[in-house]
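This is input_20.csv. It holds CSV, C-alpha atoms.
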chain,number,residue,atom,x,y,z
A,1,MET,CA,-52.4,-19.5,186.0
A,2,VAL,CA,-48.7,-20.3,185.9
A,3,THR,CA,-47.3,-23.0,188.3
A,4,VAL,CA,-43.7,-22.6,189.4
A,5,LEU,CA,-41.7,-25.5,190.7
A,6,HIS,CA,-38.7,-24.5,192.8
A,7,GLU,CA,-36.8,-26.8,195.1
A,8,GLN,CA,-39.6,-28.6,196.9
A,9,SER,CA,-42.3,-26.0,196.4
A,10,GLU,CA,-45.1,-26.0,193.9
A,11,THR,CA,-46.7,-22.5,193.7
A,12,HIS,CA,-49.5,-21.1,191.6
A,13,CYS,CA,-48.2,-17.7,190.8
A,14,SER,CA,-50.9,-15.1,190.2
A,15,THR,CA,-48.5,-12.5,188.9
A,16,ALA,CA,-46.6,-14.8,186.6
A,17,ARG,CA,-46.8,-14.3,182.8
A,18,ALA,CA,-45.1,-16.6,180.4
A,19,ALA,CA,-43.9,-15.3,177.0
A,20,GLY,CA,-42.0,-17.8,175.0
A,21,GLU,CA,-38.8,-18.5,176.9
A,22,ASP,CA,-39.4,-15.7,179.3
A,23,LEU,CA,-41.2,-15.9,182.6
A,24,TRP,CA,-42.2,-12.6,184.2
A,25,ILE,CA,-43.1,-12.6,187.9
A,26,GLY,CA,-43.9,-9.8,190.3
A,27,THR,CA,-40.9,-9.2,192.5
A,28,ARG,CA,-42.8,-9.8,195.7
A,29,GLU,CA,-44.1,-13.2,194.5
A,30,LEU,CA,-40.7,-14.2,193.2
A,31,GLU,CA,-39.2,-13.5,196.7
A,32,THR,CA,-42.0,-15.5,198.4
A,33,VAL,CA,-41.4,-18.5,196.0
A,34,THR,CA,-37.6,-18.5,195.7
A,35,GLY,CA,-36.1,-16.2,198.3
A,36,TRP,CA,-34.6,-14.0,195.6
A,37,SER,CA,-35.5,-10.3,195.9
A,38,MET,CA,-34.8,-7.2,193.8
A,39,LYS,CA,-32.5,-4.7,195.4
A,40,PRO,CA,-30.6,-1.7,194.0
A,41,GLN,CA,-27.6,-4.0,193.5
A,42,GLY,CA,-29.6,-6.6,191.5
A,43,LEU,CA,-31.4,-9.8,192.2
A,44,CYS,CA,-30.2,-10.9,195.7
A,45,ARG,CA,-30.5,-13.8,198.1
A,46,GLY,CA,-28.5,-13.6,201.3
A,47,ASP,CA,-25.0,-12.1,200.5
A,48,ILE,CA,-25.2,-13.0,196.8
A,49,CYS,CA,-26.4,-10.4,194.3
A,50,LEU,CA,-26.7,-10.8,190.5
A,51,PRO,CA,-26.5,-7.4,188.8
A,52,VAL,CA,-28.9,-6.5,186.1
A,53,PRO,CA,-26.9,-6.2,182.8
A,54,ALA,CA,-26.9,-2.4,182.1
A,55,ASP,CA,-27.2,-2.8,178.4
A,56,ARG,CA,-30.0,-5.3,178.4
A,57,SER,CA,-32.0,-4.3,181.6
A,58,ALA,CA,-35.3,-4.4,179.7
A,59,ASP,CA,-34.7,-8.2,179.2
A,60,TYR,CA,-34.6,-8.7,182.9
A,61,VAL,CA,-36.7,-6.1,184.7
A,62,ALA,CA,-39.9,-4.3,183.8
A,63,GLY,CA,-41.4,-2.1,186.5
A,64,ASP,CA,-42.1,-4.3,189.5
A,65,THR,CA,-41.8,-7.6,187.5
A,66,VAL,CA,-38.6,-9.5,186.7
A,67,ASN,CA,-37.9,-12.1,184.1
A,68,ALA,CA,-37.1,-15.0,186.4
A,69,ALA,CA,-36.2,-17.4,183.5
A,70,ALA,CA,-33.6,-15.0,182.2
A,71,PHE,CA,-32.1,-14.5,185.7
A,72,TRP,CA,-32.1,-18.3,186.3
A,73,ARG,CA,-30.3,-19.0,183.0
A,74,ARG,CA,-27.8,-16.3,183.8
A,75,MET,CA,-27.0,-18.1,187.1
A,76,ASN,CA,-26.5,-21.4,185.2
A,77,ASN,CA,-29.6,-22.8,186.8
A,78,PRO,CA,-31.9,-25.1,184.7
A,79,VAL,CA,-35.1,-23.6,183.4
A,80,VAL,CA,-37.6,-26.1,182.0
A,81,ARG,CA,-41.3,-25.6,181.0
A,82,ASP,CA,-44.2,-27.4,179.5
A,83,ALA,CA,-45.3,-26.6,175.9
A,84,ALA,CA,-48.2,-24.4,177.1
A,85,GLY,CA,-45.9,-22.4,179.4
A,86,GLU,CA,-48.2,-23.2,182.3
A,87,VAL,CA,-45.7,-25.2,184.4
A,88,TRP,CA,-42.1,-23.9,184.9
A,89,VAL,CA,-39.2,-25.4,186.8
A,90,LEU,CA,-36.8,-22.9,188.2
A,91,GLY,CA,-34.2,-25.5,189.0
A,92,THR,CA,-31.0,-25.5,190.9
A,93,GLY,CA,-27.7,-25.7,189.1
A,94,PRO,CA,-24.6,-27.8,189.9
A,95,THR,CA,-22.6,-25.0,191.6
A,96,HIS,CA,-25.1,-24.5,194.4
A,97,ARG,CA,-25.7,-28.3,194.8
A,98,SER,CA,-21.9,-29.0,194.9
A,99,GLN,CA,-21.1,-26.3,197.4
A,100,SER,CA,-23.9,-27.5,199.6
A,101,LEU,CA,-22.5,-31.1,199.5
A,102,GLN,CA,-18.9,-30.0,199.9
A,103,SER,CA,-19.8,-28.1,203.1
A,104,LEU,CA,-20.6,-31.6,204.5
A,105,GLN,CA,-23.7,-30.1,206.2
A,106,ALA,CA,-26.3,-32.7,205.2
A,107,PRO,CA,-28.7,-30.9,202.8
A,108,ASP,CA,-32.1,-30.7,204.6
A,109,PHE,CA,-35.4,-31.6,203.2
A,110,ALA,CA,-39.1,-31.9,204.2
A,111,LEU,CA,-41.0,-34.9,202.9
A,112,PRO,CA,-44.3,-36.6,203.8
A,113,ASP,CA,-44.7,-40.0,205.4
A,114,LEU,CA,-47.5,-42.4,204.4
A,115,ALA,CA,-49.9,-40.6,206.7
A,116,GLY,CA,-49.1,-37.3,205.0
A,117,VAL,CA,-47.2,-35.9,207.9
A,118,THR,CA,-44.3,-33.8,206.8
A,119,ARG,CA,-41.0,-34.7,208.4
A,120,THR,CA,-37.6,-33.1,208.0
A,121,LEU,CA,-34.1,-34.4,208.2
A,122,SER,CA,-33.0,-31.6,210.6
A,123,GLU,CA,-35.6,-32.6,213.2
A,124,HIS,CA,-33.2,-35.4,214.1
A,125,ARG,CA,-30.3,-33.1,214.9
A,126,GLY,CA,-28.6,-34.4,218.1
A,127,LYS,CA,-28.8,-38.0,216.8
A,128,LYS,CA,-26.8,-40.0,214.4
A,129,VAL,CA,-28.9,-40.5,211.3
A,130,LEU,CA,-28.6,-43.4,208.8
A,131,LEU,CA,-30.3,-41.8,205.8
A,132,ALA,CA,-31.3,-44.7,203.5
A,133,THR,CA,-33.0,-44.6,200.2
A,134,TRP,CA,-35.1,-47.4,198.6
A,135,ALA,CA,-37.8,-47.9,195.9
A,136,SER,CA,-40.4,-50.4,195.0
A,137,TRP,CA,-39.3,-50.5,191.3
B,1,MET,CA,-36.4,-52.7,205.4
B,2,PRO,CA,-36.4,-55.5,208.0
B,3,VAL,CA,-32.7,-55.0,208.3
B,4,TRP,CA,-33.1,-51.3,209.1
B,5,GLN,CA,-35.9,-52.0,211.6
B,6,SER,CA,-33.9,-54.5,213.6
B,7,LEU,CA,-30.9,-52.1,213.6
B,8,TYR,CA,-33.1,-49.3,214.7
B,9,ALA,CA,-34.7,-51.3,217.4
B,10,GLU,CA,-31.3,-52.4,218.6
B,11,LEU,CA,-29.7,-48.9,218.6
B,12,LYS,CA,-32.4,-46.3,219.0
B,13,ASP,CA,-31.5,-45.7,222.6
B,14,HIS,CA,-28.0,-44.7,221.5
B,15,ASP,CA,-29.0,-41.4,220.0
B,16,PHE,CA,-29.4,-43.0,216.6
B,17,THR,CA,-32.2,-43.1,214.1
B,18,VAL,CA,-32.9,-44.5,210.7
B,19,VAL,CA,-34.7,-42.2,208.2
B,20,THR,CA,-35.7,-43.9,204.9
B,21,VAL,CA,-36.7,-42.1,201.8
B,22,ALA,CA,-38.5,-43.9,199.1
B,23,MET,CA,-37.6,-42.6,195.6
B,24,ASP,CA,-41.2,-43.5,194.6
B,25,VAL,CA,-44.8,-42.6,194.4
B,26,PRO,CA,-46.9,-43.2,197.5
B,27,GLU,CA,-49.2,-45.8,196.0
B,28,ALA,CA,-46.3,-48.0,195.0
B,29,ALA,CA,-44.3,-47.5,198.3
B,30,ARG,CA,-47.3,-48.0,200.5
B,31,PRO,CA,-47.7,-51.9,200.5
B,32,TRP,CA,-44.0,-52.3,201.2
B,33,ILE,CA,-44.1,-50.0,204.2
B,34,GLU,CA,-47.3,-51.5,205.5
B,35,VAL,CA,-45.8,-55.0,205.4
B,36,ALA,CA,-42.5,-54.0,207.1
B,37,ASN,CA,-44.4,-51.7,209.5
B,38,PRO,CA,-41.2,-49.9,210.6
B,39,THR,CA,-41.2,-47.6,213.6
B,40,TYR,CA,-38.5,-45.1,212.2
B,41,PRO,CA,-39.6,-42.4,209.8
B,42,CYS,CA,-40.4,-43.6,206.3
B,43,LEU,CA,-40.7,-40.7,203.9
B,44,ILE,CA,-41.9,-40.6,200.3
B,45,ASP,CA,-40.1,-38.6,197.7
B,46,ARG,CA,-42.2,-38.5,194.6
B,47,ASN,CA,-40.0,-35.9,192.9
B,48,HIS,CA,-36.7,-37.6,193.8
B,49,HIS,CA,-35.6,-34.4,195.5
B,50,VAL,CA,-33.2,-36.2,197.8
B,51,ALA,CA,-31.5,-37.8,194.7
B,52,ASP,CA,-31.2,-34.3,193.3
B,53,LEU,CA,-29.8,-32.8,196.6
B,54,TYR,CA,-27.3,-35.7,197.3
B,55,ASN,CA,-26.6,-36.5,193.6
B,56,MET,CA,-27.7,-40.2,193.9
B,57,VAL,CA,-28.3,-42.4,190.8
B,58,ASN,CA,-29.6,-45.6,192.3
B,59,VAL,CA,-31.1,-47.3,195.3
B,60,PRO,CA,-30.4,-48.4,197.9
B,61,GLN,CA,-28.0,-45.7,199.0
B,62,ALA,CA,-27.1,-44.7,202.5
B,63,THR,CA,-25.5,-41.6,204.0
B,64,TRP,CA,-24.2,-41.3,207.5
B,65,ILE,CA,-25.0,-38.0,209.3
B,66,ASP,CA,-23.6,-37.2,212.7
B,67,GLU,CA,-25.3,-35.5,215.7
B,68,ALA,CA,-24.3,-32.0,214.3
B,69,GLY,CA,-25.8,-32.8,210.9
B,70,ARG,CA,-22.5,-33.4,209.2
B,71,ILE,CA,-22.0,-36.0,206.6
B,72,VAL,CA,-19.4,-38.5,207.8
B,73,ARG,CA,-20.0,-41.1,205.1
B,74,PRO,CA,-21.2,-39.6,201.8
B,75,PRO,CA,-24.0,-41.4,199.8
B,76,GLU,CA,-22.9,-44.9,198.9
B,77,ASN,CA,-24.3,-48.2,198.1
B,78,ALA,CA,-25.8,-49.6,201.3
B,79,GLY,CA,-24.3,-53.1,201.2
B,80,SER,CA,-26.0,-54.2,197.9
B,81,SER,CA,-23.9,-56.2,195.5
B,82,ASP,CA,-24.0,-56.9,191.7
B,83,VAL,CA,-24.5,-60.6,192.2
B,84,PHE,CA,-28.1,-60.2,191.1
B,85,ARG,CA,-26.7,-59.8,187.5
B,86,LYS,CA,-26.0,-63.5,187.6
B,87,MET,CA,-29.5,-64.6,188.4
B,88,ASP,CA,-31.6,-66.8,186.2
B,89,ARG,CA,-33.6,-64.2,184.4
B,90,LEU,CA,-36.6,-66.5,183.7
B,91,THR,CA,-37.0,-67.9,187.2
B,92,LYS,CA,-35.4,-64.9,189.0
B,93,GLN,CA,-33.6,-67.4,191.1
B,94,MET,CA,-30.0,-67.1,192.3
B,95,GLN,CA,-27.5,-69.8,193.2
B,96,PRO,CA,-27.1,-70.5,196.9
B,97,GLU,CA,-23.6,-69.2,196.9
B,98,GLN,CA,-24.8,-66.0,195.2
B,99,VAL,CA,-27.4,-65.5,197.8
B,100,ALA,CA,-24.8,-66.2,200.5
B,101,GLU,CA,-22.5,-63.5,199.0
B,102,ARG,CA,-25.3,-61.0,199.0
B,103,GLU,CA,-26.2,-61.7,202.6
B,104,ARG,CA,-22.5,-61.5,203.6
B,105,THR,CA,-22.1,-58.0,202.1
B,106,LYS,CA,-25.2,-56.7,203.9
B,107,LYS,CA,-23.9,-58.1,207.2
B,108,VAL,CA,-20.6,-56.4,206.9
B,109,TYR,CA,-22.3,-53.1,206.1
B,110,VAL,CA,-24.7,-53.4,209.1
B,111,ALA,CA,-21.8,-54.3,211.4
B,112,ALA,CA,-20.1,-51.1,210.3
B,113,VAL,CA,-23.2,-49.0,211.1
B,114,ARG,CA,-23.3,-50.6,214.5
B,115,ASP,CA,-19.6,-49.7,215.1
B,116,TRP,CA,-20.2,-46.1,214.1
B,117,VAL,CA,-23.2,-45.8,216.5
B,118,ARG,CA,-21.3,-47.2,219.4
B,119,LYS,CA,-17.9,-45.5,218.8
B,120,GLY,CA,-18.9,-42.2,217.0
B,121,PRO,CA,-15.9,-40.4,215.5
B,122,ALA,CA,-13.6,-43.1,216.8
B,123,SER,CA,-15.1,-45.6,214.5
B,124,GLU,CA,-12.8,-46.7,211.7
B,125,PHE,CA,-15.7,-46.4,209.3
B,126,VAL,CA,-16.1,-42.6,209.8
B,127,TYR,CA,-14.3,-40.3,207.4
B,128,ASP,CA,-12.6,-37.1,208.3
B,129,ALA,CA,-13.8,-34.0,206.4
B,130,ALA,CA,-11.1,-34.3,203.6
B,131,SER,CA,-11.8,-38.0,203.0
B,132,ALA,CA,-15.5,-37.4,203.0
B,133,ARG,CA,-15.2,-34.6,200.5
B,134,ALA,CA,-13.0,-36.7,198.3
B,135,ARG,CA,-15.6,-39.3,198.1
B,136,LEU,CA,-18.5,-37.0,197.2
B,137,ALA,CA,-19.9,-37.4,193.7
B,138,LEU,CA,-20.8,-33.9,192.5
B,139,PRO,CA,-23.4,-33.1,189.9
B,140,ASP,CA,-22.7,-31.2,186.6
B,141,ALA,CA,-25.0,-28.9,184.6
B,142,THR,CA,-26.4,-31.8,182.6
B,143,ILE,CA,-27.4,-33.7,185.7
B,144,ALA,CA,-29.1,-30.5,187.1
B,145,GLU,CA,-31.0,-30.1,183.9
B,146,ALA,CA,-32.1,-33.8,184.0
B,147,HIS,CA,-33.5,-33.3,187.5
B,148,ALA,CA,-35.5,-30.3,186.3
B,149,HIS,CA,-37.0,-32.3,183.5
B,150,PHE,CA,-37.8,-35.1,185.9
B,151,ARG,CA,-39.5,-32.7,188.3
B,152,LEU,CA,-41.6,-31.2,185.4
B,153,ALA,CA,-42.5,-34.7,184.3
B,154,GLN,CA,-43.8,-35.8,187.7
B,155,CYS,CA,-45.9,-32.6,187.9
B,156,LEU,CA,-47.3,-33.0,184.4
B,157,LEU,CA,-48.2,-36.7,185.1
B,158,ARG,CA,-50.2,-35.7,188.2
B,159,ARG,CA,-52.0,-33.1,186.0
B,160,GLY,CA,-53.0,-35.8,183.5
B,161,GLY,CA,-50.5,-34.9,180.8
B,162,ARG,CA,-49.2,-38.4,180.3
B,163,ASP,CA,-47.6,-37.9,176.8
B,164,GLU,CA,-45.9,-34.7,177.6
B,165,ALA,CA,-44.7,-36.1,180.9
B,166,ALA,CA,-43.3,-39.1,179.1
B,167,ALA,CA,-41.3,-36.8,176.8
B,168,HIS,CA,-39.7,-35.1,179.8
B,169,PHE,CA,-39.0,-38.4,181.6
B,170,TYR,CA,-37.3,-39.5,178.4
B,171,GLU,CA,-35.3,-36.2,178.2
B,172,ALA,CA,-34.2,-36.6,181.9
B,173,SER,CA,-33.0,-40.1,181.3
B,174,ARG,CA,-31.2,-39.1,178.0
B,175,LEU,CA,-29.4,-36.3,179.9
B,176,HIS,CA,-28.5,-38.4,182.9
B,177,PRO,CA,-28.3,-42.0,181.5
B,178,SER,CA,-26.4,-43.3,184.6
B,179,SER,CA,-29.4,-42.6,186.8
B,180,TRP,CA,-31.3,-45.8,187.5
B,181,CYS,CA,-33.7,-43.8,189.7
B,182,ILE,CA,-34.9,-41.7,186.8
B,183,TRP,CA,-35.1,-44.5,184.3
B,184,ARG,CA,-36.8,-47.1,186.5
B,185,GLN,CA,-39.3,-44.7,188.0
B,186,ALA,CA,-40.5,-43.8,184.5
B,187,ALA,CA,-40.1,-47.3,183.0
B,188,GLN,CA,-42.9,-49.8,182.4
B,189,LYS,CA,-43.5,-52.0,185.5
B,190,ASP,CA,-44.4,-55.7,185.5
B,191,ALA,CA,-47.3,-57.1,187.5
B,192,THR,CA,-45.2,-57.0,190.7
B,193,GLY,CA,-44.3,-53.4,190.2
B,194,LEU,CA,-40.8,-54.0,189.1
B,195,ALA,CA,-39.1,-52.3,186.1
B,196,ALA,CA,-37.2,-55.5,185.5
B,197,GLY,CA,-38.2,-56.6,182.0
B,198,PRO,CA,-36.1,-57.0,178.9
B,199,GLU,CA,-35.4,-53.3,178.6
B,200,PHE,CA,-34.0,-53.2,182.1
B,201,TRP,CA,-31.7,-56.2,181.4
B,202,ALA,CA,-30.6,-54.7,178.2
B,203,ARG,CA,-29.5,-51.6,180.1
B,204,VAL,CA,-27.8,-53.7,182.7
B,205,ASP,CA,-26.0,-55.7,180.1
B,206,ALA,CA,-24.9,-52.5,178.3
B,207,LEU,CA,-23.0,-51.6,181.5
B,208,GLY,CA,-20.5,-54.3,180.5
B,209,ASP,CA,-17.7,-54.2,183.1
B,210,ARG,CA,-19.2,-51.1,184.8
B,211,PRO,CA,-21.1,-51.8,188.1
B,212,TYR,CA,-24.9,-51.4,188.6
B,213,HIS,CA,-24.2,-50.9,192.3
B,214,ARG,CA,-20.9,-49.1,192.6
B,215,PRO,CA,-18.8,-51.2,195.0
B,216,ILE,CA,-18.5,-49.7,198.5
B,217,ASP,CA,-15.1,-48.8,199.9
B,218,MET,CA,-15.4,-50.7,203.2
B,219,LYS,CA,-13.1,-53.2,204.9
B,220,GLY,CA,-14.5,-56.7,204.4
B,221,ILE,CA,-16.6,-56.0,201.3

The structure in this file should be written as structure tokens.
Amino acid sequence: MVTVLHEQSETHCSTARAAGEDLWIGTRELETVTGWSMKPQGLCRGDICLPVPADRSADYVAGDTVNAAAFWRRMNNPVVRDAAGEVWVLGTGPTHRSQSLQSLQAPDFALPDLAGVTRTLSEHRGKKVLLATWASW
Amino acid sequence: MPVWQSLYAELKDHDFTVVTVAMDVPEAARPWIEVANPTYPCLIDRNHHVADLYNMVNVPQATWIDEAGRIVRPPENAGSSDVFRKMDRLTKQMQPEQVAERERTKKVYVAAVRDWVRKGPASEFVYDAASARARLALPDATIAEAHAHFRLAQCLLRRGGRDEAAAHFYEASRLHPSSWCIWRQAAQKDATGLAAGPEFWARVDALGDRPYHRPIDMKGI
């Protein structure tokens, strides 16, 4: 079973098959995990669509599976995996992160407290928030 | 943390909250939180996701976010100073004037937060959008790649793959050498849980004239 790490999620993907530097995932599962879905225009999320290169479509799409790793690299997003091909990070590249920061809308996140209760930043909307980081190390 | 707790207690009735995020594993963060026993949300970020989202390289950092969720002061050093670099490395003691300087810096920072909470956009410490954007540190492709390796390493560590995790921690730090979060999280800790041994000091010394805590652009600091 392949585990895919994307943003904050960690998902065991039943349809995922690793082959060298390629990671094939069923289109439905990829959408569930990442929000990116296959459409006639290409791989899309929101208003953004990445066309499938016409001359190399077999490298990107096969039936109802897509090569998520190939699409990710094409979007300049980092792709990192373990040696066995069992754990893959479909990371987020600098363009998306930078645009998000430059919008000045504070990027939201959901993290657990010590009791394991998940809290979000956005639940404090309506208040001023001092978001402060620290560490024991 | 005691500073944030007293600030929170003082200002929580003014539509203000503190949210802390520990760039840490729960078992290491737990004793600190239990001793301080804060009443504001204390979240644990094992994967350093917030450092990835906000492009932070060290702790403590603070970001001011207004009622509409907009950043009015981008991530910055939350009143810490580099005087610790002058401490006696054997005894870990600082001279009284160094301690006083550190405390003074923190006081100025906390007073600025108080000013913002009371005055809102009229506070002299709040940036307009253009100034806030100009002060953002934005990530590049190498930093994004480093965070991906760090994420993989933390996952592999939990699955018991210590050696392979170590290789990805190493790669993350190699790609993003200015991140103290990445390096110290993965580094060997002493009996008190600190990654503050000879390797740490060697890295600090290698900074030369460059800061460990980037100085904050704030009147009085």

Hey, could you make a per-residue contact list for region 52-154 of chain B against region 127-136 of chain A with 10 Å as the cut-off, showing the nearest pair of atoms and its distance in Å to one decimal, counting only C-alpha atoms, sorted by chain and number, as a tab-separated table?
residue	atom	partner	partner_atom	distance
B:Met56	CA	A:Thr133	CA	9.3
B:Asn58	CA	A:Trp134	CA	8.6
B:Val59	CA	A:Trp134	CA	5.2
B:Pro60	CA	A:Trp134	CA	4.9
B:Gln61	CA	A:Thr133	CA	5.3
B:Ala62	CA	A:Ala132	CA	4.3
B:Thr63	CA	A:Leu131	CA	5.1
B:Trp64	CA	A:Leu130	CA	5.0
B:Ile65	CA	A:Val129	CA	5.0
B:Asp66	CA	A:Lys128	CA	4.6
B:Glu67	CA	A:Lys127	CA	4.4
B:Ala68	CA	A:Lys127	CA	7.9
B:Gly69	CA	A:Lys128	CA	8.1
B:Arg70	CA	A:Lys128	CA	9.4
B:Ile71	CA	A:Val129	CA	9.5
B:Arg73	CA	A:Leu130	CA	9.6
B:Pro75	CA	A:Leu131	CA	8.7
B:Glu76	CA	A:Ala132	CA	9.6
B:Asn77	CA	A:Ala132	CA	9.5
B:Ala78	CA	A:Ala132	CA	7.7
B:Val113	CA	A:Leu130	CA	8.1
B:Trp116	CA	A:Lys128	CA	9.0
B:Val117	CA	A:Lys128	CA	7.1
B:Gly120	CA	A:Lys128	CA	8.6

* Could you state the separation of CA of Tyr170 (chain B) and CA of Ala146 (chain B) in Å, given to one decimal place? -> 9.5 Å

Residues at most 8 Å from Asn55 (chain B), counting all atoms listed in the file, excluding those fewer than 5 positions away in the same chain, as a PDB file with C-alpha atoms, in the coordinates of the input?
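Once everything was written out, this is around_37.pdb:
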ATOM      1  CA  VAL B  50     -33.200 -36.200 197.800  1.00  0.00           C
ATOM      2  CA  ALA B 137     -19.900 -37.400 193.700  1.00  0.00           C
ATOM      3  CA  LEU B 138     -20.800 -33.900 192.500  1.00  0.00           C
ATOM      4  CA  PRO B 139     -23.400 -33.100 189.900  1.00  0.00           C
TER       5      PRO B 139
END

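Interatomic distance, CA of Gly20 (chain A) against CA of Asn77 (chain A): 17.8 Å.
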
* Asked: Counting all atoms listed in the file, which residues of chain A come no farther than 8 Å from chain B, as a ChimeraX atom specification?
  -> /A:5,7-8,76-82,87-95,97-98,101-102,104-107,109,111-114,119,121-122,124-137
